[in-house]
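To keep things clear, I will list the structure first and then write my remarks on it.
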Amino acid sequence: TSSAMAEERALAMVTCTAPVNIAVIKYWGKRDNDLILPINSSLSVTLHQDQLKTTTTAAASRDFTEDRLWLNGEEADVGHPRLQACLREVRRLARKRRGGSAEDAAPLSLSYKIHVATENNFPTAAGLASSAAGYACLVSALARLYGVEGELSEVARRGSGSACRSMLGGFVQWQRGERPDGRDSLAHQVAPETHWPELRVLVLVVSGEKKQVASTAGMQTSVDTSPLLKHRAEVVVPERLALMMRHIRERDFEGFGQLTMQDSNQFHATCLDTFPPIFYLNDLSRHIIALAHRFNAHHGRTKVAYTFDAGPNAVIFTLADTVAEFVEVVRRSFPPATNGDQFVRGLPVGSASLPEELLAAVDPAPAAPNPSPAPQPGPGPQLVDDPSQHLLGADGLPRRCA
Ligand code: DP6
């Protein structure tokens with residue numbers, strides 16, 4: 001009946017998952033810190049959620065007395081300005097939507113307090129884009145909770161710049177936009193995840209430690225001090241974006257791989273050009289770079305490509321027919337002495353026999369990286385239908401702590 005329908009719901013709960021994305025044309029530097037508007041456009045590949053994902057449950061209830069947040073089971077500060085900005089924006093969109101239509105059956109009161117629990121299945125703040133998946137997931141869950149649809153990359157951007165790209169699957173461009181209010185600084189899908197079925201992505205986890213310089217602070221110092229970054233944003237990136245889109249459209253792995261490596265290297269060069277300089281790569285990262293180039297030189301063409309974000313962990317792009325051989329090379333080069341067999345876990349690959357010249361080209365490294373595989377490009381955020389997967393119980397508290 002209409003009176004029952006008009007009644008506000010006492011408790012609502014939604015769970016979503018969201019993917020990590022890896023930029024092949026990097027975002028580094030803001031022109032507006034509050035709205036999170038970048039100095040250049042960027043382009044990324046959304047990774048499949050089988051291996052790397054964030055899960056977030058958002059609940060609203062008239063019985064909650066305060067907003068609360070749990071990150072990987074630990075209660076965290078809900079007052080974080082970026083989190084508050086996302087919450088405010090989703091509520092604003094909900095209000096706007098309700099104002100526009102009368103047929104909203106059971107509106108969830110926007111004045112209810114919310115509880116949010118979020119979990120990553122990979123190391124937080126290790127340069128593995130955990131904030132991107134985290135904010136994309138938060139915004140997706142809140143939007144579902146309040147029944148908001150449509151353009152949400154703008155809201156996710158307010159949490160973390162790179163998060164706007166995790167709102168879509170496949171190959172995604174974040175357009176810098178021109179407007180001072182940021183309304184045109186949005187993510188767009190360049191190609192869906194099905195566009196390039198042979199493409200594979202391997203994550204070589206060199207270190208799960210928290211990074212030295214957070215990207216937000218690091219990129220601000222770069223904007224303030226690096227002339228190379230200014231040149232990159234104004235001249236280099238616009239040219240590279242057009243080229244990268246063509247390589248993706250044509251599924252040209254050599255072009256895609258080379259440009260991916262060059263753009264990662266230029267990003268780390270701007271870090272060195274920052275004053276005081278920022279170092280995200282370590283010896284093991286550099287060993288992986290050298291290994292990739294030797295592997296490609298052996299084959300006489302680009303068969304693997306590395307890229308590094310604000311941390312030492314490597315992301316490797318390659319094609320399906322090269323995965324087994326390259327993993328075997330990594331295995332030989334980095335004996336899994338320190339982490340047992342961990343680094344092959346989950347990899348759907350057989351072993352490959354290696355030619356002698358290739359083996360000779362590979363120097364054993366002192367310590368083993370810990371590859372965690374993310375086999376293919378994947379889709380954007382997903383709604384989790386099964387209520388048993390909620391991270392919060394019926395009382396609105398984290399299930400695991402209860
Ligand atoms: C190196 O999106 O983490 O990963 O907008 O300040 O939250 P904020 O920064 P963030 O920066 C990511 C930088 C990067 C490159 C990229 O993902 O494009």
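By convention here, the chains of the structure tokens are called A, B, ... in the order presented, each chain's residues are numbered starting at 1, and ligands are numbered starting at 1 in the order presented.
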For ligand 1, collect every residue having any atom at a distance of at most 9 Å from a ligand atom (counting only C-alpha atoms and all ligand atoms); output as a ChimeraX atom specification. /A:21-30,33,36-38,41-44,82,125,127-132,157-165,214-220,264,267-268,308-311
Just the residues within 9 Å of Leu110 of chain A, please, counting only C-alpha atoms, with nothing from its chain fewer than 6 positions along; format it as a VMD selection string. chain A and resid 60 91 94 to 95 146
Taking N, CA and C atoms for each residue, export the selection above as an mmCIF file, in the first residue's frame.
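File part-v2.cif, as written:
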data_model
loop_
_atom_site.group_PDB
_atom_site.id
_atom_site.type_symbol
_atom_site.label_atom_id
_atom_site.label_comp_id
_atom_site.auth_asym_id
_atom_site.auth_seq_id
_atom_site.Cartn_x
_atom_site.Cartn_y
_atom_site.Cartn_z
ATOM 1 N N ALA A 60 22.892 1.791 6.407
ATOM 2 C CA ALA A 60 22.315 2.981 7.030
ATOM 3 C C ALA A 60 21.153 2.512 7.899
ATOM 4 N N ARG A 91 25.065 11.809 -1.303
ATOM 5 C CA ARG A 91 23.813 12.274 -0.701
ATOM 6 C C ARG A 91 23.211 13.425 -1.504
ATOM 7 N N ALA A 94 21.530 11.951 -4.401
ATOM 8 C CA ALA A 94 20.297 11.280 -3.973
ATOM 9 C C ALA A 94 19.181 12.306 -3.764
ATOM 10 N N ARG A 95 19.541 13.411 -3.165
ATOM 11 C CA ARG A 95 18.565 14.465 -2.905
ATOM 12 C C ARG A 95 18.025 15.022 -4.225
ATOM 13 N N TYR A 146 21.697 4.436 -1.645
ATOM 14 C CA TYR A 146 20.783 5.575 -1.778
ATOM 15 C C TYR A 146 20.044 5.590 -3.118
#
Which residue is closest to Val203 of chain A? Choose from A:Ser285, A:Ser185, A:Thr221, A:Thr55 and count only C-alpha atoms.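 Ranked by minimum distance to Val203 of chain A, first place goes to A:Ser285.
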Nearby residues (only C-alpha atoms) at most 12 Å from Pro381 of chain A, same-chain spacing under 5 positions excluded, as an MDAnalysis selection string: chainID A and resid 15:21 46:49 53:56 132:141 143:144 152:153 156 163:170
